[in-house]
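J.: For reference, the structure I am asking about is given below.
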Amino acid sequence: MADASEKKLIVPLLPLRDIIVFPHMIVPLFVGREKSINALEEALGQKKDILLIAQKQAKTNDPTEEDVYRIGVLGAIIQLLRLPDGTVKVLIEGRKRVRLLQFKKEGRFYEALVEPLTETEEKNRESEALIRSIKEAFESYVQLNKKIPPEILMTVTSIESGAKLSDTIAAHIPLKIEEKQRMLEITDAKVRLEELLRVIQKEIEILQIEKKIRTRVKKQMEKSQKEYYLNEQMHAIQKELGERDEFRAEIQDIEKTIKKKKLSEEAAKKIKKELRKLKMMSPMSAEATVIRNYVDWVISLPWGCYTTDNTDIHQAQKVLDEDHYGLGAIKDRILEHIAVQTLSQKICGPIVCFVGPPGVGKTSLARSIARALGRNFVRSSLGGVRDEAEIRGHRRTYIGSLPGKIVQSIKKAGSSNPVFLLDEVDKMAMDFRGDPAAALLEVLDPEQNSTFSDHYLEVDYDLSKVLFIATANTLHNIPRPLLDRMEVIRLPGYTDEEKLHISKQFLVLKQKSMHGLKDYPITFQDEAILYIIHRYTKEAGVRNLEREISTIFRKLAKKIVENQQKKKEAVLVSEKTVKELLGVEKYMPVQLEEIHEIGLTNGLAWTEMGGELLAVECAIMPGKGSLTITGQLGDVMKESARAALSYVRSRGEMLGLARDFYQQVDIHIHVPEGAIPKDGPSAGVTMATSLTSALIRVPVRKTVAMTGEVTLRGRVLAIGGLKEKMLAAYRSGIETVLIPKENEKDLKDVPSKVLKKLKVIPVDHMDEVLKRALDLKHPESLFSIDKKVSGKTYKKPFYLTRAHVSGTA
C-alpha cells in the first residue's frame with residue numbers, strides 16, 4: 001500500500017483549450033486565466049511538475065472534473081514570461097502520461113491527484129518494420145503538407161524509440177482534439193504506432209486529392225486570368241482607337257428588346273437566365289456564340305403579336321371571288337370562320353386540309369384566304385421531309401442547331417396568328433431520324449398546340465391562334481392520327497367550262513401583264529381556249545393551261561419586238577393562231593369506237609391528275625383454261641379480274657355457257673397504256689362486262705361507261721372519286737354512266753352541267769350492268785334459258801349452248 005501511495009502525486013493543474021501536449025514535446029503556451037497563471041507560479045516556485053490536460057469543450061471558462069479528460073501529461077516549466085497585457089507565455093516540456101484521479105478547483109489554482117501510467121514497448125523485428133514504415137509514411141506526408149517544417153523530418157528520422165517516435169509525429173499531424181486525445185490514451189507503443197500509420201495514410205490520400213484539385217483549379221484560373229487579361233487589353237486597344245465595346249452594347253440592346261417584348265413568363269425567366277450567363281462569358285468563346293444565337297432567336301419571335309382579323313364577310317367574299325372562280329364549299333367554310341370569330345373571340349384557328357389534283361389552286365387559295373382575313377401568310381413545304389427535327393428543331397447541344405420549320409416560319413410571318421400553309425403534307429417520309437408526321441400531331445391538335453415545344457427553344461410557344469392549312473394530292477399517304485386532326489376539304493378537277501372561265505378571268509390577264517403586253521389589245525376567242533384545253537393539256541387543274549397561254553404571249557411578244565410595232569394593233573387569238581404558235585397537238589381527243597365492240601368496255605378511273613376513261617379489253621382463244629392479265633396492273637386489280645371470272649362462271653349456265661367452258665378456252669384481259677401502273681377495285685364491273693361480252697359474243701355499247709367494285713355474288717359496291725370520274729366521262733363524250741347505287745348520294749357534288757349531259761344509272765347488281773351495257777335487242781332475255789328470240793345472231797362458239805341476239809343491225 002505504501003508503494004502505491006508513493007506513485008500518486010498532487011500537482012497544479014493547467015486546463016488546455018484546443019491543444020494536446022504529448023510526452024517528449026516542448027510547446028509554447030499563452031495563459032490568460034487567473035487560476036491557470038497561479039498554477040504555473042505555484043509549480044515554478046515549488047519546482048514541481050504541472051498537469052497538462054485538455055478540456056472537452058474549449059468554451060468552458062471555469063472547468064470542473066467532468067469538463068476535462070481523464071488522461072493528461074505531466075510537464076516541466078522551462079521558461080515563464082509575463083506579457084504587458086497581463087497574460088503569461090510559458091514554455092513547457094511534456095514528461096510522461098498520467099491518469100487524473102481527483103480534481104480540486106478550490107483555492108488560488110487548480111490542483112489534481114494523478115497517477116503515472118506505465119508504457120509498454122517491445123523491441124523486435126515487427127516493431128522495427130513498423131517504425132520504418134511510420135518514418136517513410138511521415139516523409140511522404142511532409143512532402144505533401146508544406147505546413148510542417150523540414151527540420152521536423154530530420155528530428156523524426158533520428159528517433160529510434162517507437163514510443164517517442166509516435167508521440168513526436170502525433171504532435172505534428174493536424175488531427176482533431178478527440179483523435180489526438182485517443183492517441184494520447186494508448187499506452188502500448190506498438191498499438192499507438194499502428195493507429196498512427198493508419199491515420200497518416202488516410203491523411204496522405206486526402207492531401208493527394210487536394211493536390212489534384214488545386215492543380216486543376218490553378219490551370220482553370222490561369223486560363224481564365226489569361227483570357228481576362230487579353231480581353232482587357234483588347235478593350236483598352238479598342239478604347240484608344242475610338243471603337244465602342246460592341247459586346248456590351250449588344251447585351252444592352254438585347255435587354256432593351258426584352259423589356260419591349262411580350263414574352264411569356266417561362267420565356268422571360270429562361271432568357272434572363274441565359275443573359276446572365278452570357279454577361280459572365282468571354283465574347284470570343286464558343287459557348288457565348290451559342291447563347292447569343294439562342295437569345296436572338298427567342299427575342300426575334302412575335303411573342304403576343306397578333307394581327308386584327310377582317311370581320312367584314314362581304315369584303316372577304318369579294319376578295320375570295322377576285323382570286324378564284326367557283327370553289328363554293330371552301331369559300332363558305334372561310335366565311336363561316338369569320339362569322340364565328342366575330343361572335344366569339346375565343347375560337348382557335350381551324351385546321352383544314354385541301355386535297356385535290358395538282359394545279360387546282362390549293363396553294364394560291366391559302367394565300368387568298370390570308371388576304372381575305374387580313375392576316376400574314378407563310379408557307380412551309382413538307383415535301384421530302386424525313387427528319388423529325390425539321391419540325392421540332394435540333395437541341396442546342398448540336399453544333400449549328402436551329403429551330404424547326406414551324407418556329408422559323410412563325411418568325412418569318414411576323415405575327416402569332418398567320419395563315420400557315422403546310423404544303424405537300426402527303427409527301428413526307430420517315431427513316432431512322434424519326435417520323436415528321438408524328439411531330440405534326442402536336443402542331444395540328446387544338447388541344448395541344450397552345451403549348452408547342454420546340455427542341456431548340458426549350459420553352460412553350462402558343463400556336464392556337466394560327467390558321468393551319470395543309471395541302472395534299474392524296475389521302476392514303478397521310479397517317480390516320482394526323483388525318484383525324486384535320487378537316488378535309490376536297491378540290492376536284494375543273495370542267496372545261498370552269499377552265500374556260502378561269503382562263504378568261506384570271507390566266508389570260510395575269511400572263512398578259514407578266515409579258516409586258518398589258519396595253520396591247522390581245523384577246524382570246526373561247527374556241528381558242530377550249531382548243532388549248534383539249535389538244536395541248538390533259539390535267540384536272542390549270543397549271544399546264546397557264547403554261548401554254550404563257551407560251552402564246554411569249555411568241556406574240558417576240559413578233560412585236562421583231563417587227564418593231566409602235567402601233568398597238570389588235571390581235572385576235574383563234575384556233576388557227578393557237579396551232580401556229582403552239583405547234584403540233586400534244587393530245588388527241590378521246591375517240592370512241594365507231595361501232596360497238598365485243599370484249600371492249602369503257603371504264604372510269606381516278607388518278608392524282610383527275611379522272612380518266614379506262615378501256616378494258618378481253619379476248620377468248622381456244623386453250624386449256626389459263627387466265628392472262630396484262631397492262632401493269634396492281635394486286636387489287638388482278639383480284640378484281642379473278643372475281644369477275646368467278647361471277648361469270650357462276651352465271652355460266654344462265655348465259656348459255658357450257659359447264660366446262662373455262663377448261664376449253666384461254667382468257668386474256670388487257671388494260672391499254674401498259675406503261676402506266678394501275679390499281680384499285682373500281683374496275684371490277686368493267687372487267688366482268690368485257691369478259692361476259694367476249695364469252696357470249698355480244699358487243700358492249702360504245703357510249704356506256706361504268707365504275708364499281710364487283711363481288712363473287714355479283715353485288716356492285718361503292719367506289720371513290722365519283723366526281724372526277726363523271727368529269728372524265730363528260731370530257732370523253734360518253735352518254736350513259738353506270739354507277740354503284742351506294743354512290744347515288746355523291747351526285748350532289750357533280751356540276752349540274754355534267755349531269756344534264758350524262759345519263760346516270762345507279763345499279764346494285766352485275767346482272768343489271770350487263771343488261772344496260774351489252775348491245776342486246778331484248779336485254780331481258782340475257783339470263784333466259786328457254787325463251788326463243790329472233791334477230792341477227794353471231795356465229796355460235798363451240799363452248800356456247802345457245803346464241804344471243806344483238807340489237808345491232
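Letters A, B, ... go to the chains of the C-alpha cells in the order shown; residues in each chain start at 1; ligands are counted from 1 in the same order.
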With only C-alpha atoms as the counted atoms, please give the residues lying no more than 9 Å from A:Tyr647, apart from itself and same-chain residues fewer than 4 positions off, as a ChimeraX atom specification.
T.: /A:642-643,651-652,688,710-714,766
J.: Dump all heavy atoms for the selected residues as a compact mmCIF listing (two decimals), in the first residue's frame?
T.:
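Saved to part.txt:
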```
# COMPACT_ATOMS: atom_id res chain seq x y z
N ARG A 642 -60.08 -11.77 -111.30
CA ARG A 642 -60.41 -13.15 -110.92
C ARG A 642 -61.82 -13.23 -110.33
O ARG A 642 -62.56 -14.19 -110.56
CB ARG A 642 -59.38 -13.66 -109.92
CG ARG A 642 -57.98 -13.78 -110.52
CD ARG A 642 -57.02 -14.48 -109.57
NE ARG A 642 -55.69 -14.57 -110.13
CZ ARG A 642 -54.72 -13.68 -109.91
NH1 ARG A 642 -54.96 -12.63 -109.12
NH2 ARG A 642 -53.55 -13.81 -110.47
N ALA A 643 -62.20 -12.19 -109.55
CA ALA A 643 -63.56 -12.16 -109.00
C ALA A 643 -64.59 -12.05 -110.12
O ALA A 643 -65.66 -12.68 -110.08
CB ALA A 643 -63.70 -10.98 -108.03
N ARG A 651 -72.67 -17.61 -113.33
CA ARG A 651 -73.80 -17.30 -114.19
C ARG A 651 -73.69 -18.03 -115.54
O ARG A 651 -74.46 -17.75 -116.46
CB ARG A 651 -73.86 -15.79 -114.46
CG ARG A 651 -74.39 -14.96 -113.27
CD ARG A 651 -75.90 -15.18 -113.13
NE ARG A 651 -76.50 -14.20 -112.25
CZ ARG A 651 -76.61 -14.34 -110.94
NH1 ARG A 651 -76.14 -15.43 -110.37
NH2 ARG A 651 -77.20 -13.42 -110.23
N GLY A 652 -72.76 -18.94 -115.67
CA GLY A 652 -72.48 -19.57 -116.96
C GLY A 652 -73.67 -20.26 -117.58
O GLY A 652 -73.98 -20.08 -118.77
N ALA A 688 -65.81 -7.54 -115.63
CA ALA A 688 -66.87 -8.56 -115.74
C ALA A 688 -67.68 -8.36 -117.03
O ALA A 688 -68.06 -9.34 -117.69
CB ALA A 688 -67.78 -8.48 -114.52
N VAL A 710 -66.99 -5.30 -107.91
CA VAL A 710 -67.90 -6.42 -108.03
C VAL A 710 -67.51 -7.51 -107.03
O VAL A 710 -66.33 -7.73 -106.75
CB VAL A 710 -67.92 -6.98 -109.47
CG1 VAL A 710 -66.58 -7.64 -109.81
CG2 VAL A 710 -69.07 -7.95 -109.67
N THR A 711 -68.54 -8.18 -106.49
CA THR A 711 -68.29 -9.30 -105.58
C THR A 711 -68.55 -10.61 -106.32
O THR A 711 -69.03 -10.63 -107.45
CB THR A 711 -69.21 -9.22 -104.35
OG1 THR A 711 -70.56 -9.46 -104.76
CG2 THR A 711 -69.12 -7.86 -103.68
N LEU A 712 -68.25 -11.74 -105.67
CA LEU A 712 -68.47 -13.05 -106.29
C LEU A 712 -69.95 -13.30 -106.56
O LEU A 712 -70.31 -14.03 -107.49
CB LEU A 712 -67.92 -14.16 -105.38
CG LEU A 712 -66.39 -14.14 -105.16
CD1 LEU A 712 -66.01 -15.26 -104.22
CD2 LEU A 712 -65.65 -14.27 -106.47
N ARG A 713 -70.81 -12.71 -105.76
CA ARG A 713 -72.25 -12.88 -105.95
C ARG A 713 -72.84 -11.85 -106.92
O ARG A 713 -74.05 -11.81 -107.13
CB ARG A 713 -72.98 -12.78 -104.62
CG ARG A 713 -72.68 -13.95 -103.70
CD ARG A 713 -73.44 -13.80 -102.38
NE ARG A 713 -73.28 -14.98 -101.56
CZ ARG A 713 -72.27 -15.19 -100.73
NH1 ARG A 713 -71.31 -14.29 -100.66
NH2 ARG A 713 -72.20 -16.29 -100.00
N GLY A 714 -71.97 -10.96 -107.45
CA GLY A 714 -72.43 -10.00 -108.44
C GLY A 714 -72.89 -8.68 -107.87
O GLY A 714 -73.36 -7.82 -108.62
N MET A 766 -74.58 -6.91 -110.76
CA MET A 766 -73.89 -7.08 -112.04
C MET A 766 -74.86 -7.50 -113.16
O MET A 766 -74.66 -7.13 -114.33
CB MET A 766 -72.78 -8.12 -111.86
CG MET A 766 -71.80 -8.18 -113.01
SD MET A 766 -70.88 -6.66 -113.21
CE MET A 766 -70.74 -6.63 -114.99
```
J.: Report as a tab-separated table: every residue of stretch 301-330 of chain A with an atom at most 9 Å from stretch 451-475 of chain A, its closest pair of atoms, and their distance in Å to one decimal, counting only C-alpha atoms, with rows sorted by chain and ascending residue number.
T.:
```
residue	atom	partner	partner_atom	distance
A:Trp303	CA	A:Tyr461	CA	8.2
A:Gly304	CA	A:Asp462	CA	8.9
A:Tyr306	CA	A:Lys465	CA	8.7
```
J.: Go ahead and write the residues just picked, C-alpha atoms, as an mmCIF file, in the first residue's frame.
T.:
```cif
data_model
loop_
_atom_site.group_PDB
_atom_site.id
_atom_site.type_symbol
_atom_site.label_atom_id
_atom_site.label_comp_id
_atom_site.auth_asym_id
_atom_site.auth_seq_id
_atom_site.Cartn_x
_atom_site.Cartn_y
_atom_site.Cartn_z
ATOM 1 C CA TRP A 303 -44.483 36.910 -78.766
ATOM 2 C CA GLY A 304 -48.007 38.207 -78.148
ATOM 3 C CA TYR A 306 -51.427 39.409 -83.339
#
```
J.: Choose the residue, out of A:Ser344, A:Val156, A:Leu722, A:Glu178, that has the smallest atom-to-atom separation from A:Lys748; count only C-alpha atoms.
T.: A:Leu722
J.: Could you pull out the alpha helix (DSSP H) residues of stretch 109-304 of chain A from DSSP and send them as an MDAnalysis selection string?
T.: chainID A and resid 125:144 150:158 162:172 177:184 189:241 246:260 265:279 286:300
J.: Quick one: residues within 12 Å of stretch 276-287 of chain A, only C-alpha atoms, excluding same-chain residues fewer than 4 positions away - as a count of residues only?
T.: 36
J.: Write out as a list in words the set of residues from stretch 358-407 of chain A that DSSP, computed on the backbone, places in strand (DSSP E or B).
T.: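 Here is the list: Phe377, Val378, Arg379, Ser380 and Ser381 of chain A.
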J.: Each residue of stretch 121-214 of chain A with at least one atom at most 12 Å from stretch 37-56 of chain A should appear once, together with its nearest atom pair and the corresponding distance in Å (one decimal); atoms considered: only C-alpha atoms; ordering: chain, then increasing residue number; output as CSV.
T.:
```
residue,atom,partner,partner_atom,distance
A:Lys176,CA,A:Lys56,CA,11.8
A:Ile177,CA,A:Ala54,CA,8.5
A:Glu178,CA,A:Lys56,CA,8.4
A:Lys180,CA,A:Ala54,CA,10.3
A:Gln181,CA,A:Ala54,CA,8.1
A:Arg182,CA,A:Ala54,CA,11.7
A:Leu184,CA,A:Ile53,CA,10.7
A:Glu185,CA,A:Ile53,CA,11.6
```
J.: Write out as a Markdown table the residues of stretch 288-325 of chain A that have any atom within 10 Å of an atom of stretch 505-508 of chain A, one row each with the nearest atom pair and its distance in Å to one decimal, counting only C-alpha atoms, sorted by chain and then rising number.
T.:
```
| residue | atom | partner | partner_atom | distance |
| --- | --- | --- | --- | --- |
| A:Glu322 | CA | A:Phe506 | CA | 8.8 |
| A:Asp323 | CA | A:Phe506 | CA | 7.8 |
| A:His324 | CA | A:Phe506 | CA | 8.1 |
| A:Tyr325 | CA | A:Gln505 | CA | 8.3 |
```
J.: Could you write out the selected residues, including all heavy atoms, as a CSV table (one decimal), in the first residue's frame?
T.:
```
chain,number,residue,atom,x,y,z
A,322,GLU,N,-62.4,37.4,-106.2
A,322,GLU,CA,-61.5,38.1,-107.1
A,322,GLU,C,-60.3,37.1,-107.5
A,322,GLU,O,-59.8,37.2,-108.6
A,322,GLU,CB,-60.9,39.3,-106.4
A,322,GLU,CG,-61.8,40.5,-106.4
A,322,GLU,CD,-61.2,41.7,-105.6
A,322,GLU,OE1,-60.0,41.5,-105.1
A,322,GLU,OE2,-61.8,42.8,-105.5
A,323,ASP,N,-59.9,36.3,-106.5
A,323,ASP,CA,-58.8,35.4,-106.7
A,323,ASP,C,-59.1,34.1,-107.3
A,323,ASP,O,-58.2,33.5,-108.0
A,323,ASP,CB,-58.0,35.2,-105.4
A,323,ASP,CG,-57.4,36.5,-104.9
A,323,ASP,OD1,-57.3,37.5,-105.7
A,323,ASP,OD2,-57.0,36.6,-103.7
A,324,HIS,N,-60.3,33.6,-107.1
A,324,HIS,CA,-60.6,32.2,-107.5
A,324,HIS,C,-62.1,32.1,-108.0
A,324,HIS,O,-63.0,32.7,-107.5
A,324,HIS,CB,-60.4,31.2,-106.4
A,324,HIS,CG,-59.0,31.0,-106.0
A,324,HIS,ND1,-58.3,31.8,-105.1
A,324,HIS,CD2,-58.1,30.1,-106.4
A,324,HIS,CE1,-57.1,31.4,-105.0
A,324,HIS,NE2,-56.9,30.4,-105.8
A,325,TYR,N,-62.2,31.3,-109.0
A,325,TYR,CA,-63.5,31.0,-109.6
A,325,TYR,C,-64.1,29.8,-109.0
A,325,TYR,O,-63.4,28.7,-108.9
A,325,TYR,CB,-63.4,30.9,-111.1
A,325,TYR,CG,-64.7,30.5,-111.8
A,325,TYR,CD1,-65.6,31.5,-112.1
A,325,TYR,CD2,-65.0,29.2,-112.2
A,325,TYR,CE1,-66.8,31.2,-112.7
A,325,TYR,CE2,-66.1,28.9,-112.8
A,325,TYR,CZ,-67.1,29.9,-113.1
A,325,TYR,OH,-68.3,29.5,-113.7
```
J.: Between A:Lys624, A:Lys405, A:His596, A:Arg125, which has the minimum distance to A:Arg697 (counting only C-alpha atoms)?
T.: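 Closest residue, counting only C-alpha atoms: A:His596.
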J.: Please list as an mmCIF file with N, CA, C and O atoms, in the first residue's frame every residue within 7 Å of A:Glu735, counting only C-alpha atoms and excluding residues in the same chain fewer than 4 positions away.
T.:
```
data_model
loop_
_atom_site.group_PDB
_atom_site.id
_atom_site.type_symbol
_atom_site.label_atom_id
_atom_site.label_comp_id
_atom_site.auth_asym_id
_atom_site.auth_seq_id
_atom_site.Cartn_x
_atom_site.Cartn_y
_atom_site.Cartn_z
ATOM 1 N N THR A 703 -71.098 3.937 -126.058
ATOM 2 C CA THR A 703 -71.429 5.194 -125.377
ATOM 3 C C THR A 703 -71.673 5.005 -123.881
ATOM 4 O O THR A 703 -72.096 5.936 -123.196
ATOM 5 N N VAL A 704 -71.438 3.783 -123.416
ATOM 6 C CA VAL A 704 -71.651 3.496 -121.992
ATOM 7 C C VAL A 704 -70.297 3.377 -121.289
ATOM 8 O O VAL A 704 -69.385 2.728 -121.806
ATOM 9 N N LEU A 758 -75.102 13.888 -119.105
ATOM 10 C CA LEU A 758 -74.904 12.450 -118.902
ATOM 11 C C LEU A 758 -76.178 11.805 -118.358
ATOM 12 O O LEU A 758 -76.891 12.400 -117.535
ATOM 13 N N LYS A 759 -76.421 10.586 -118.812
ATOM 14 C CA LYS A 759 -77.500 9.786 -118.241
ATOM 15 C C LYS A 759 -76.877 8.866 -117.196
ATOM 16 O O LYS A 759 -76.116 7.958 -117.524
#
```
J.: What is the distance, in Å and to one decimal place, between atom CA of A:Glu597 and atom CA of A:Val616?
T.: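 Taking atom CA of A:Glu597 as the start and atom CA of A:Val616 as the end point, the length is 11.3 Å.
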J.: For A:Ile78, list every protein, DNA or RNA residue within 8 Å, evaluated using only C-alpha atoms, and leave out those in the same chain fewer than 5 positions away; present the list as JSON, numbers by chain.
T.: {"A": [90, 91, 92, 93]}
J.: Filtering to N, CA, C and O atoms, could you give me those residues as a PDB file, in the first residue's frame?
T.:
```pdb
ATOM      1  N   VAL A  90       4.457  30.732 -21.565  1.00  0.00           N
ATOM      2  CA  VAL A  90       5.227  29.730 -20.869  1.00  0.00           C
ATOM      3  C   VAL A  90       5.691  28.670 -21.854  1.00  0.00           C
ATOM      4  O   VAL A  90       4.978  28.309 -22.798  1.00  0.00           O
ATOM      5  N   LEU A  91       6.898  28.195 -21.638  1.00  0.00           N
ATOM      6  CA  LEU A  91       7.459  27.131 -22.468  1.00  0.00           C
ATOM      7  C   LEU A  91       7.534  25.879 -21.601  1.00  0.00           C
ATOM      8  O   LEU A  91       8.197  25.872 -20.551  1.00  0.00           O
ATOM      9  N   ILE A  92       6.808  24.798 -22.016  1.00  0.00           N
ATOM     10  CA  ILE A  92       6.663  23.602 -21.200  1.00  0.00           C
ATOM     11  C   ILE A  92       7.093  22.382 -21.999  1.00  0.00           C
ATOM     12  O   ILE A  92       6.797  22.258 -23.200  1.00  0.00           O
ATOM     13  N   GLU A  93       7.748  21.430 -21.299  1.00  0.00           N
ATOM     14  CA  GLU A  93       8.142  20.165 -21.920  1.00  0.00           C
ATOM     15  C   GLU A  93       7.328  19.042 -21.296  1.00  0.00           C
ATOM     16  O   GLU A  93       7.285  18.886 -20.066  1.00  0.00           O
TER      17      GLU A  93
END
```
J.: Contacts of A:Ser158 at 12 Å or less, counting only C-alpha atoms, minus same-chain residues fewer than 6 places along, as a list in words?
T.: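 The residues satisfying every condition are Ile131, Arg132, Lys135, Glu151, Ile152, Lys164, Leu165 and Thr168 of chain A.
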J.: For stretch 332-342 of chain A, find every residue with an atom within 8 Å (counting only C-alpha atoms), except residues of its own chain fewer than 4 positions away, and show them as a list in words.
T.: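 That gives Asn310, Thr311, Asp312, Ile313, Ala316, Gln317, Gly328, Lys346, Ile347, Pro350, Ile369 and Leu373 of chain A.
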J.: Residues as selected, N, CA and C atoms, written as a PDB file, in the first residue's frame, can you do that?
T.:
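out12.pdb, written as the output of this step:
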```pdb
ATOM      1  N   ASN A 310     -60.066  40.558 -90.311  1.00  0.00           N
ATOM      2  CA  ASN A 310     -61.131  41.235 -91.034  1.00  0.00           C
ATOM      3  C   ASN A 310     -62.460  40.548 -90.727  1.00  0.00           C
ATOM      4  N   THR A 311     -63.407  41.270 -90.152  1.00  0.00           N
ATOM      5  CA  THR A 311     -64.694  40.666 -89.777  1.00  0.00           C
ATOM      6  C   THR A 311     -65.806  41.027 -90.754  1.00  0.00           C
ATOM      7  N   ASP A 312     -65.445  41.687 -91.843  1.00  0.00           N
ATOM      8  CA  ASP A 312     -66.438  42.055 -92.854  1.00  0.00           C
ATOM      9  C   ASP A 312     -66.600  40.881 -93.832  1.00  0.00           C
ATOM     10  N   ILE A 313     -67.700  40.149 -93.693  1.00  0.00           N
ATOM     11  CA  ILE A 313     -67.922  38.965 -94.524  1.00  0.00           C
ATOM     12  C   ILE A 313     -68.032  39.329 -96.002  1.00  0.00           C
ATOM     13  N   ALA A 316     -64.638  39.970 -97.412  1.00  0.00           N
ATOM     14  CA  ALA A 316     -63.916  38.704 -97.546  1.00  0.00           C
ATOM     15  C   ALA A 316     -64.420  37.910 -98.753  1.00  0.00           C
ATOM     16  N   GLN A 317     -65.741  37.899 -98.944  1.00  0.00           N
ATOM     17  CA  GLN A 317     -66.328  37.218-100.106  1.00  0.00           C
ATOM     18  C   GLN A 317     -65.816  37.831-101.406  1.00  0.00           C
ATOM     19  N   GLY A 328     -67.063  26.927-104.137  1.00  0.00           N
ATOM     20  CA  GLY A 328     -68.051  27.436-103.191  1.00  0.00           C
ATOM     21  C   GLY A 328     -67.925  26.856-101.799  1.00  0.00           C
ATOM     22  N   LYS A 346     -62.921  33.656 -78.632  1.00  0.00           N
ATOM     23  CA  LYS A 346     -62.160  32.579 -78.001  1.00  0.00           C
ATOM     24  C   LYS A 346     -61.864  31.424 -78.937  1.00  0.00           C
ATOM     25  N   ILE A 347     -62.449  31.434 -80.132  1.00  0.00           N
ATOM     26  CA  ILE A 347     -62.285  30.278 -81.023  1.00  0.00           C
ATOM     27  C   ILE A 347     -60.842  30.162 -81.494  1.00  0.00           C
ATOM     28  N   PRO A 350     -58.941  27.250 -87.173  1.00  0.00           N
ATOM     29  CA  PRO A 350     -59.296  25.930 -87.719  1.00  0.00           C
ATOM     30  C   PRO A 350     -58.102  25.282 -88.399  1.00  0.00           C
ATOM     31  N   ILE A 369     -56.965  33.230 -98.854  1.00  0.00           N
ATOM     32  CA  ILE A 369     -57.644  33.198 -97.549  1.00  0.00           C
ATOM     33  C   ILE A 369     -56.968  34.168 -96.580  1.00  0.00           C
ATOM     34  N   LEU A 373     -58.773  37.377 -94.768  1.00  0.00           N
ATOM     35  CA  LEU A 373     -58.833  37.526 -93.310  1.00  0.00           C
ATOM     36  C   LEU A 373     -58.013  38.700 -92.812  1.00  0.00           C
TER      37      LEU A 373
END
```
J.: Please compute the atom CA of A:Leu275-atom CA of A:Arg395 distance, one decimal, in Å.
T.: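 Answer for the atom CA of A:Leu275 to atom CA of A:Arg395 separation: 18.6 Å.
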